[in-house]
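The file my_file_12.txt contains compact mmCIF, C-alpha atoms and all ligand atoms:
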# COMPACT_ATOMS: atom_id res chain seq x y z
CA MET A 1 0.00 0.00 0.00
CA GLN A 2 1.30 3.46 -0.93
CA ASP A 3 1.79 6.10 1.72
CA SER A 4 -0.97 8.38 0.39
CA ASP A 5 -3.56 5.56 0.34
CA PHE A 6 -2.45 4.48 3.79
CA ILE A 7 -2.84 7.93 5.37
CA GLU A 8 -6.23 8.48 3.66
CA GLY A 9 -7.38 5.10 4.93
CA LEU A 10 -6.15 5.83 8.44
CA MET A 11 -7.96 9.18 8.64
CA SER A 12 -11.17 7.74 7.24
CA PHE A 13 -11.03 4.83 9.72
CA VAL A 14 -10.51 7.08 12.73
CA HIS A 15 -13.21 9.50 11.62
CA SER A 16 -15.80 6.76 11.14
CA SER A 17 -14.89 5.13 14.48
CA PRO A 18 -16.08 7.53 17.19
CA THR A 19 -16.44 4.64 19.70
CA PRO A 20 -14.89 1.16 20.17
CA PHE A 21 -18.16 -0.33 18.85
CA HIS A 22 -17.82 1.61 15.61
CA ALA A 23 -14.11 0.77 15.35
CA VAL A 24 -14.89 -2.95 15.57
CA GLU A 25 -17.75 -2.61 13.07
CA LYS A 26 -15.40 -0.87 10.66
CA MET A 27 -12.65 -3.47 11.15
CA VAL A 28 -15.16 -6.26 10.53
CA ALA A 29 -16.18 -4.62 7.24
CA ILE A 30 -12.54 -4.41 6.12
CA LEU A 31 -11.88 -8.04 7.17
CA GLU A 32 -14.97 -9.30 5.33
CA ASP A 33 -13.91 -7.40 2.21
CA ASN A 34 -10.69 -9.39 2.45
CA ASP A 35 -12.39 -12.78 2.80
CA PHE A 36 -11.98 -13.28 6.55
CA GLN A 37 -14.72 -15.56 7.91
CA GLN A 38 -16.66 -14.71 11.03
CA LEU A 39 -16.55 -17.13 13.97
CA LEU A 40 -19.02 -16.94 16.86
CA GLU A 41 -17.84 -17.73 20.36
CA ALA A 42 -21.04 -19.77 20.87
CA ASP A 43 -20.27 -22.16 17.98
CA ALA A 44 -17.97 -25.18 17.81
CA TRP A 45 -15.07 -24.11 15.57
CA GLY A 46 -13.36 -27.37 14.61
CA LEU A 47 -10.36 -25.54 13.16
CA GLU A 48 -7.74 -28.23 13.89
CA GLY A 49 -5.63 -28.87 10.83
CA ARG A 50 -7.37 -26.14 8.83
CA SER A 51 -5.91 -23.04 7.26
CA GLY A 52 -7.73 -19.83 6.44
CA LYS A 53 -8.60 -16.34 7.66
CA PHE A 54 -10.99 -15.78 10.56
CA TYR A 55 -12.23 -13.19 13.03
CA VAL A 56 -14.25 -13.19 16.23
CA THR A 57 -15.63 -10.30 18.31
CA ARG A 58 -16.64 -9.92 21.95
CA ASN A 59 -19.04 -7.29 23.33
CA ASP A 60 -19.01 -5.67 19.85
CA SER A 61 -16.03 -3.69 21.15
CA SER A 62 -13.06 -6.12 21.04
CA ILE A 63 -11.92 -8.15 18.05
CA ILE A 64 -9.42 -10.90 17.26
CA ALA A 65 -8.52 -11.62 13.64
CA PHE A 66 -6.18 -14.42 12.70
CA THR A 67 -4.78 -16.39 9.81
CA LEU A 68 -3.88 -20.06 10.07
CA GLY A 69 -1.22 -21.28 7.67
CA SER A 70 0.74 -23.91 9.53
CA ASN A 71 0.56 -26.00 12.71
CA PRO A 72 0.13 -23.40 15.51
CA ILE A 73 1.53 -25.73 18.16
CA GLU A 74 4.84 -26.18 16.38
CA HIS A 75 5.13 -22.75 14.81
CA GLY A 76 3.26 -20.46 17.19
CA PHE A 77 1.67 -17.13 16.27
CA ARG A 78 2.99 -13.76 15.22
CA MET A 79 0.71 -11.52 17.25
CA VAL A 80 -0.01 -7.79 17.33
CA GLY A 81 -2.11 -6.18 20.07
CA ALA A 82 -3.73 -2.75 20.34
CA HIS A 83 -6.75 -1.17 22.03
CA THR A 84 -10.01 0.15 20.60
CA ASP A 85 -10.98 2.59 23.36
CA SER A 86 -9.95 6.21 23.97
CA PRO A 87 -10.55 8.54 26.91
CA CYS A 88 -13.88 10.33 26.52
CA LEU A 89 -17.06 11.57 28.18
CA LYS A 90 -19.78 8.92 28.59
CA VAL A 91 -23.45 9.72 29.14
CA LYS A 92 -24.76 8.76 32.60
CA PRO A 93 -27.82 6.45 32.99
CA ASN A 94 -30.13 9.25 34.19
CA PRO A 95 -28.43 12.08 32.33
CA GLU A 96 -31.08 14.82 32.00
CA ILE A 97 -30.12 18.12 33.63
CA SER A 98 -32.12 21.32 33.30
CA LYS A 99 -30.44 24.42 34.63
CA ASN A 100 -30.91 28.12 33.92
CA CYS A 101 -33.12 27.32 30.90
CA TYR A 102 -30.59 24.95 29.34
CA PHE A 103 -30.77 21.22 28.72
CA GLN A 104 -27.56 19.34 29.50
CA LEU A 105 -26.43 15.73 29.86
CA GLY A 106 -24.53 14.40 32.86
CA VAL A 107 -21.31 12.64 31.87
CA GLU A 108 -18.84 10.23 33.43
CA ILE A 109 -15.17 10.75 32.68
CA TYR A 110 -13.91 7.58 30.94
CA GLY A 111 -10.17 7.04 31.38
CA GLY A 112 -7.50 9.72 31.75
CA VAL A 113 -9.16 12.48 29.70
CA LEU A 114 -7.11 15.64 29.18
CA LEU A 115 -10.12 17.80 30.00
CA ASN A 116 -9.15 21.33 28.90
CA PRO A 117 -9.26 20.64 25.15
CA TRP A 118 -12.86 19.39 25.43
CA PHE A 119 -14.11 22.94 25.96
CA ASP A 120 -15.43 24.93 22.97
CA ARG A 121 -15.49 21.95 20.60
CA ASP A 122 -18.41 20.92 18.38
CA LEU A 123 -19.49 17.63 19.93
CA SER A 124 -21.57 14.77 18.65
CA LEU A 125 -22.65 11.56 20.32
CA ALA A 126 -22.32 7.89 19.32
CA GLY A 127 -22.30 4.38 20.72
CA ARG A 128 -24.48 1.31 21.25
CA VAL A 129 -28.18 1.36 22.14
CA ASN A 130 -30.16 -1.55 23.58
CA TYR A 131 -33.86 -1.60 22.77
CA VAL A 132 -37.06 -3.63 22.62
CA ASN A 133 -38.94 -3.63 19.31
CA ASP A 134 -42.61 -3.91 18.28
CA ASP A 135 -42.44 -7.71 18.38
CA GLY A 136 -41.13 -7.77 21.94
CA ASN A 137 -37.60 -8.72 20.85
CA VAL A 138 -34.63 -7.20 22.64
CA GLY A 139 -31.70 -6.11 20.50
CA SER A 140 -28.87 -3.65 20.16
CA THR A 141 -27.62 -1.38 17.42
CA LEU A 142 -24.98 1.27 16.88
CA ILE A 143 -25.98 4.88 16.53
CA ASN A 144 -24.22 8.08 15.61
CA PHE A 145 -25.81 11.55 15.71
CA GLU A 146 -23.07 12.62 13.24
CA GLN A 147 -23.92 16.33 13.53
CA ALA A 148 -22.64 18.59 16.27
CA ILE A 149 -25.39 18.46 18.90
CA ALA A 150 -23.60 19.80 21.97
CA THR A 151 -20.75 21.89 23.32
CA ILE A 152 -19.02 22.64 26.63
CA PRO A 153 -18.47 26.41 26.58
CA SER A 154 -15.48 27.81 28.48
CA LEU A 155 -16.04 30.38 31.17
CA ALA A 156 -15.01 33.81 29.84
CA ILE A 157 -11.67 35.04 31.15
CA HIS A 158 -13.42 38.16 32.53
CA LEU A 159 -15.26 35.87 34.98
CA ASP A 160 -12.13 33.91 35.89
CA ARG A 161 -9.15 36.27 35.85
CA GLU A 162 -6.78 33.53 36.96
CA ALA A 163 -7.81 31.12 34.19
CA ASN A 164 -4.35 31.16 32.60
CA GLU A 165 -2.50 30.78 35.90
CA ASN A 166 -4.53 28.17 37.73
CA HIS A 167 -7.68 26.79 36.25
CA ALA A 168 -8.87 23.65 37.99
CA ILE A 169 -11.66 21.66 36.34
CA ASP A 170 -14.43 20.21 38.50
CA LYS A 171 -15.34 16.96 36.71
CA GLN A 172 -18.85 16.89 38.15
CA LYS A 173 -19.79 20.57 37.75
CA HIS A 174 -17.90 21.82 34.71
CA MET A 175 -18.17 19.00 32.18
CA PRO A 176 -21.89 18.41 31.34
CA PRO A 177 -22.29 19.42 27.66
CA VAL A 178 -25.06 21.89 26.74
CA LEU A 179 -27.48 20.47 24.15
CA MET A 180 -30.19 23.09 23.86
CA LYS A 181 -32.03 26.09 25.21
CA MET A 182 -35.28 24.82 26.69
CA PRO A 183 -38.65 26.22 25.62
CA ASP A 184 -39.57 26.93 29.24
CA CYS A 185 -37.24 27.84 32.07
CA LYS A 186 -38.98 25.86 34.84
CA GLY A 187 -37.67 22.58 33.45
CA GLU A 188 -41.22 21.20 33.09
CA GLN A 189 -40.65 20.38 29.43
CA LYS A 190 -37.26 18.78 30.06
CA PRO A 191 -36.74 16.17 27.31
CA ASP A 192 -36.36 12.49 28.11
CA PHE A 193 -33.00 11.35 26.75
CA ARG A 194 -34.26 7.88 25.86
CA ASP A 195 -37.04 9.50 23.80
CA ILE A 196 -34.42 11.52 21.93
CA LEU A 197 -32.62 8.26 21.12
CA LEU A 198 -35.91 6.65 20.09
CA ARG A 199 -36.59 9.47 17.60
CA LEU A 200 -33.09 9.17 16.14
CA LEU A 201 -33.53 5.42 15.70
CA ALA A 202 -36.94 5.88 14.05
CA ASN A 203 -35.23 8.24 11.59
CA GLN A 204 -31.97 6.44 10.96
CA GLN A 205 -33.01 2.78 11.32
CA PRO A 206 -36.83 2.55 10.88
CA GLU A 207 -36.51 -1.14 9.88
CA LEU A 208 -35.67 -2.01 13.51
CA LYS A 209 -39.17 -0.90 14.64
CA VAL A 210 -37.80 0.13 18.01
CA GLU A 211 -40.55 0.59 20.56
CA LYS A 212 -38.50 1.60 23.56
CA VAL A 213 -34.85 2.36 24.32
CA LEU A 214 -33.84 0.31 27.36
CA ASP A 215 -30.24 1.35 27.78
CA TYR A 216 -27.13 2.62 26.07
CA GLU A 217 -23.38 3.19 26.16
CA LEU A 218 -22.80 6.50 24.44
CA SER A 219 -19.88 8.88 24.37
CA PHE A 220 -19.30 12.37 23.08
CA TYR A 221 -16.77 13.02 20.34
CA ASP A 222 -15.43 15.97 18.34
CA VAL A 223 -16.95 16.25 14.85
CA GLN A 224 -13.84 17.88 13.39
CA GLU A 225 -12.33 15.55 10.79
CA PRO A 226 -8.75 14.30 10.98
CA ALA A 227 -6.30 16.32 8.89
CA VAL A 228 -2.74 16.28 7.63
CA ILE A 229 -1.28 19.59 8.81
CA GLY A 230 1.97 21.58 9.05
CA LEU A 231 3.88 23.82 6.63
CA HIS A 232 5.24 20.70 4.97
CA GLN A 233 2.32 18.44 5.88
CA ASP A 234 4.45 16.76 8.55
CA PHE A 235 1.69 15.91 11.02
CA VAL A 236 -1.64 14.11 11.39
CA ALA A 237 -4.07 15.82 13.79
CA SER A 238 -7.06 13.81 15.01
CA ALA A 239 -9.02 12.49 17.94
CA ARG A 240 -8.40 8.89 19.11
CA LEU A 241 -4.99 8.41 17.45
CA ASP A 242 -4.39 6.62 20.78
CA ASN A 243 -5.02 3.93 19.83
CA LEU A 244 -7.01 3.64 16.61
CA LEU A 245 -3.83 4.49 14.71
CA SER A 246 -2.35 1.20 15.97
CA CYS A 247 -5.58 -0.78 15.36
CA TYR A 248 -5.71 0.37 11.74
CA THR A 249 -2.00 -0.11 11.16
CA GLY A 250 -2.07 -3.64 12.60
CA LEU A 251 -5.15 -4.45 10.54
CA VAL A 252 -3.85 -3.35 7.15
CA ALA A 253 -0.48 -5.00 7.84
CA MET A 254 -2.33 -8.22 8.63
CA LEU A 255 -4.19 -8.12 5.31
CA GLU A 256 -0.83 -8.65 3.63
CA ALA A 257 0.27 -11.48 5.93
CA ASP A 258 2.05 -14.49 4.47
CA PRO A 259 -0.68 -17.17 4.12
CA LYS A 260 1.79 -19.80 5.34
CA GLN A 261 2.18 -18.05 8.73
CA ASN A 262 -0.10 -18.02 11.74
CA CYS A 263 -0.76 -14.33 12.37
CA LEU A 264 -3.09 -12.75 14.90
CA LEU A 265 -4.33 -9.25 15.65
CA VAL A 266 -6.12 -8.54 18.94
CA CYS A 267 -7.74 -5.14 19.54
CA SER A 268 -9.26 -4.88 23.02
CA ASP A 269 -11.61 -2.46 24.70
CA HIS A 270 -11.12 -0.96 28.20
CA GLU A 271 -7.35 -0.38 28.11
CA GLU A 272 -7.85 3.20 29.26
CA VAL A 273 -9.51 2.00 32.46
CA GLY A 274 -7.16 -0.86 33.31
CA SER A 275 -8.25 -3.69 30.95
CA ILE A 276 -10.10 -5.68 33.64
CA SER A 277 -13.37 -6.64 31.92
CA ALA A 278 -14.83 -9.45 29.84
CA ALA A 279 -13.71 -7.69 26.67
CA GLY A 280 -10.48 -6.19 28.08
CA ALA A 281 -6.92 -7.44 27.68
CA GLN A 282 -6.96 -8.79 31.24
CA GLY A 283 -10.16 -10.73 30.50
CA SER A 284 -10.34 -14.20 29.00
CA PHE A 285 -10.91 -13.31 25.33
CA LEU A 286 -7.46 -13.87 23.79
CA LYS A 287 -6.59 -16.81 26.02
CA SER A 288 -9.90 -18.45 25.15
CA VAL A 289 -9.40 -18.03 21.40
CA LEU A 290 -5.82 -19.33 21.54
CA GLY A 291 -6.94 -22.20 23.77
CA ARG A 292 -9.50 -23.24 21.17
CA LEU A 293 -6.88 -23.12 18.41
CA CYS A 294 -4.36 -25.13 20.42
CA THR A 295 -6.96 -27.44 22.07
CA THR A 296 -4.99 -28.52 25.21
CA PRO A 297 -3.14 -26.55 27.91
CA GLU A 298 0.11 -28.28 26.96
CA ASN A 299 -0.34 -27.39 23.30
CA LEU A 300 -1.08 -23.77 24.24
CA THR A 301 2.11 -23.54 26.29
CA ARG A 302 4.10 -25.08 23.45
CA SER A 303 2.53 -22.68 20.96
CA MET A 304 3.17 -19.62 23.13
CA ASP A 305 6.82 -20.60 23.48
CA GLN A 306 7.10 -20.30 19.69
CA SER A 307 5.12 -17.02 19.54
CA MET A 308 5.72 -13.32 19.95
CA LEU A 309 3.42 -10.37 20.68
CA ILE A 310 4.03 -6.83 19.50
CA SER A 311 1.86 -4.62 21.69
CA VAL A 312 1.31 -1.36 19.80
CA ASP A 313 0.25 1.80 21.60
CA ASN A 314 1.34 5.38 21.06
CA ALA A 315 4.39 6.83 22.80
CA HIS A 316 5.22 10.37 23.99
CA GLY A 317 7.30 12.39 21.55
CA ILE A 318 9.60 15.00 23.07
CA HIS A 319 7.71 18.33 23.01
CA PRO A 320 9.91 21.33 22.19
CA ASN A 321 8.14 23.50 24.78
CA PHE A 322 8.40 20.88 27.52
CA ALA A 323 11.63 19.10 26.64
CA ASP A 324 12.62 18.63 30.30
CA LYS A 325 9.79 16.10 30.68
CA HIS A 326 11.97 13.57 28.83
CA ASP A 327 15.26 11.84 29.59
CA ASP A 328 17.91 13.63 27.49
CA ASN A 329 18.83 10.46 25.61
CA HIS A 330 15.31 9.12 25.16
CA GLY A 331 13.14 11.82 23.60
CA PRO A 332 11.45 10.28 20.55
CA ILE A 333 11.04 12.67 17.59
CA LEU A 334 7.97 12.69 15.37
CA ASN A 335 8.57 11.24 11.89
CA GLN A 336 11.71 9.41 12.98
CA GLY A 337 10.07 6.02 13.29
CA PRO A 338 8.26 3.81 15.78
CA VAL A 339 9.44 3.77 19.38
CA ILE A 340 10.51 0.75 21.44
CA LYS A 341 9.24 1.35 24.99
CA VAL A 342 11.43 0.05 27.79
CA ASN A 343 10.82 0.02 31.52
CA ALA A 344 12.98 -1.94 33.97
CA ASN A 345 10.02 -2.11 36.37
CA GLN A 346 7.98 -4.01 33.76
CA ARG A 347 5.41 -1.33 33.04
CA TYR A 348 6.32 -2.28 29.47
CA ALA A 349 6.77 -5.89 28.36
CA THR A 350 9.87 -5.26 26.24
CA ASN A 351 13.01 -7.24 27.01
CA GLY A 352 16.38 -7.35 25.26
CA GLU A 353 15.37 -10.33 23.18
CA THR A 354 12.11 -8.86 21.84
CA SER A 355 13.66 -5.43 21.40
CA ALA A 356 16.42 -6.96 19.31
CA ALA A 357 13.84 -8.83 17.23
CA PHE A 358 11.90 -5.62 16.54
CA ARG A 359 15.07 -3.69 15.66
CA TYR A 360 15.94 -6.42 13.19
CA ILE A 361 12.42 -6.31 11.68
CA CYS A 362 12.71 -2.52 11.26
CA GLU A 363 16.11 -2.91 9.66
CA GLU A 364 14.72 -5.45 7.20
CA ALA A 365 11.79 -3.12 6.43
CA ASP A 366 14.16 -0.14 6.06
CA VAL A 367 12.32 1.73 8.81
CA PRO A 368 14.00 3.98 11.43
CA VAL A 369 13.39 3.05 15.06
CA GLN A 370 13.73 4.94 18.39
CA SER A 371 13.74 4.13 22.10
CA PHE A 372 11.77 5.54 25.01
CA VAL A 373 12.51 5.26 28.70
CA VAL A 374 10.65 7.49 31.14
CA ARG A 375 12.73 9.90 33.28
CA SER A 376 13.97 8.12 36.40
CA ASP A 377 12.18 10.68 38.60
CA MET A 378 8.80 10.24 36.89
CA ALA A 379 6.16 7.49 36.99
CA CYS A 380 5.80 5.34 33.88
CA GLY A 381 2.52 4.66 32.04
CA SER A 382 1.59 1.16 30.94
CA THR A 383 -0.45 -0.63 28.30
CA ILE A 384 -1.71 -4.06 27.22
CA GLY A 385 1.79 -5.52 26.65
CA PRO A 386 2.63 -6.55 30.25
CA ILE A 387 -0.97 -7.73 30.85
CA THR A 388 -1.02 -10.01 27.82
CA ALA A 389 2.54 -11.21 28.43
CA SER A 390 1.70 -12.24 31.99
CA GLU A 391 -1.62 -13.87 31.01
CA LEU A 392 -0.11 -15.98 28.22
CA GLY A 393 3.56 -16.25 29.13
CA VAL A 394 4.41 -15.05 25.63
CA ARG A 395 7.53 -13.01 24.82
CA SER A 396 6.35 -9.49 24.14
CA ILE A 397 7.42 -5.99 23.24
CA ASP A 398 5.74 -2.60 23.62
CA VAL A 399 6.15 -0.23 20.70
CA GLY A 400 4.21 2.71 19.26
CA VAL A 401 4.47 5.87 17.22
CA PRO A 402 5.53 9.03 19.06
CA THR A 403 2.73 11.56 19.53
CA PHE A 404 1.96 14.87 21.20
CA ALA A 405 -1.11 15.68 23.31
CA MET A 406 -1.95 12.08 24.19
CA HIS A 407 -5.53 11.85 25.58
CA SER A 408 -6.44 15.29 24.25
CA ILE A 409 -9.56 15.56 22.09
CA ARG A 410 -7.15 16.28 19.22
CA GLU A 411 -3.84 14.44 19.29
CA LEU A 412 -0.88 14.87 16.96
CA ALA A 413 1.28 12.22 15.30
CA GLY A 414 4.00 12.33 12.65
CA ARG A 415 2.60 11.89 9.18
CA TRP A 416 5.28 9.28 8.32
CA ASP A 417 5.43 7.29 11.54
CA ALA A 418 2.20 5.32 11.10
CA TYR A 419 3.39 4.35 7.62
CA TYR A 420 6.79 3.29 9.03
CA LEU A 421 4.98 1.23 11.64
CA TYR A 422 2.80 -0.35 8.96
CA ARG A 423 5.90 -1.35 6.99
CA ALA A 424 7.51 -2.86 10.10
CA LEU A 425 4.38 -4.86 11.03
CA ARG A 426 3.93 -6.01 7.45
CA GLU A 427 7.52 -7.29 7.50
CA TYR A 428 6.80 -9.10 10.78
CA PHE A 429 3.62 -10.76 9.47
CA GLN A 430 5.43 -11.85 6.30
ZN ZN A 501 -3.26 3.94 24.47

Just give me the structure of the file as structure tokens.
Ligand SMILES: [Zn+2]
Amino acid sequence: MQDSDFIEGLMSFVHSSPTPFHAVEKMVAILEDNDFQQLLEADAWGLEGRSGKFYVTRNDSSIIAFTLGSNPIEHGFRMVGAHTDSPCLKVKPNPEISKNCYFQLGVEIYGGVLLNPWFDRDLSLAGRVNYVNDDGNVGSTLINFEQAIATIPSLAIHLDREANENHAIDKQKHMPPVLMKMPDCKGEQKPDFRDILLRLLANQQPELKVEKVLDYELSFYDVQEPAVIGLHQDFVASARLDNLLSCYTGLVAMLEADPKQNCLLVCSDHEEVGSISAAGAQGSFLKSVLGRLCTTPENLTRSMDQSMLISVDNAHGIHPNFADKHDDNHGPILNQGPVIKVNANQRYATNGETSAAFRYICEEADVPVQSFVVRSDMACGSTIGPITASELGVRSIDVGVPTFAMHSIRELAGRWDAYYLYRALREYFQ
């Protein structure tokens, strides 16, 4: 795939994936276009001795895609992991707020949101809705308002003279987005949020004949489209680059996998909140799928001994205005290649062996590579690498492209780094 097609595809994927549910739906569409067959966890798979291309989802928000080309017990799997979720604002179960003639929605803060950039953005809402239809059947569907339907206005500086010196954000009081001015100011005509969802469904998906919305998992997102920016078009600016950039890159690299290899891509939900859930990396999903492919505990252990996992999640590039936040010798630069993340305290799964393997892959793919170690006087983040490594006992490495503004509503990556990463992962899968 050429660089220009790759970057267009990446931006379109991120834009059409405002939630993990939508990301998985989009990945499924791409996999099906490339002849991957769907497996259901409820079915018997009977894949022993077979080759082919398959995928399976859990909770509509995590996905595992794999190719079988040789005996997985003897040859193991080449695995890539990433996560589908991003920090955001999620609508509470009883969200309706009427205050000073305005209708707002109460929100929970999901993950480590960088809150300031959420103010003064044009926000829309998307996610999964559970409903009962005319025939009394319960179901779920994905929705997306698509248009900007809300905003969180800043307080004017005249009313907060210290805003630039110390501006603390109260997560409960300051974050509910404003959706509309109400027709009456007593709050008597306050809309019911589930009715709003019902009307949207009647419009967008009338064939479902939804009678009542029972529940939902919905989050706000910025409607601004991703863009390539900079005087020389050096950067990609977008929401959710952490970690949809890695999901997309792993996916398109996998489409070019050598059919004689066993390759696997796992993209899990709930990384931003610790990965402990049925669909998260610390849940049973990956282990269960691998267990079914290897059939006995001994076979699984043998297979994992022949396998490797590249856990891909964005890294922190050294920011010219805050350069002292990095170790002098470990400040990754945007557009100088993917970053190997190392932490002696095992917040990253990288060891010398896996790091050497990745360096060699990058060399073969003619891709530059960098290293990141957090400053010794600062705490280190973590990701799905150490979790998966400890669950499976598989040799693993944490890598990712360097970015700025991680967990902002608009993050920034190097325009070339995702393409470098794609070339490295393609080399690995081949
Ligand atoms: Zn991440």

(Q) Using only C-alpha atoms and all ligand atoms, which residues of the polymer chains come no farther than 9 Å from ligand ZN 501 (chain A)? I'd like the answer as a ChimeraX atom specification. (A) /A:82-87,240-244,246,271-272,312-315,382-384,406-407

Q) Could you pull the residues within 7 Å of segment 64-81 of chain A, counting all atoms listed in the file, minus those fewer than 5 positions along the same chain, as a PyMOL selection string? A) chain A and resi 51-57+250+259-267+294+299-300+302-304+306-312+429

**Q.** Separation of atom CA of Leu255 of chain A from atom CA of Asp3 of chain A, in Å and rounded to one decimal
**A.** 15.8 Å

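Using all atoms listed in the file, the smallest distance between any of A:Phe404, A:Phe220, A:Phe358, A:Phe145 and Tyr110 of chain A comes from A:Phe220.
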
Q | Nearest residue to Tyr419 of chain A from the set A:Leu286, A:Val91, A:Val252, A:Cys101 (distances using only C-alpha atoms) | A | A:Val252
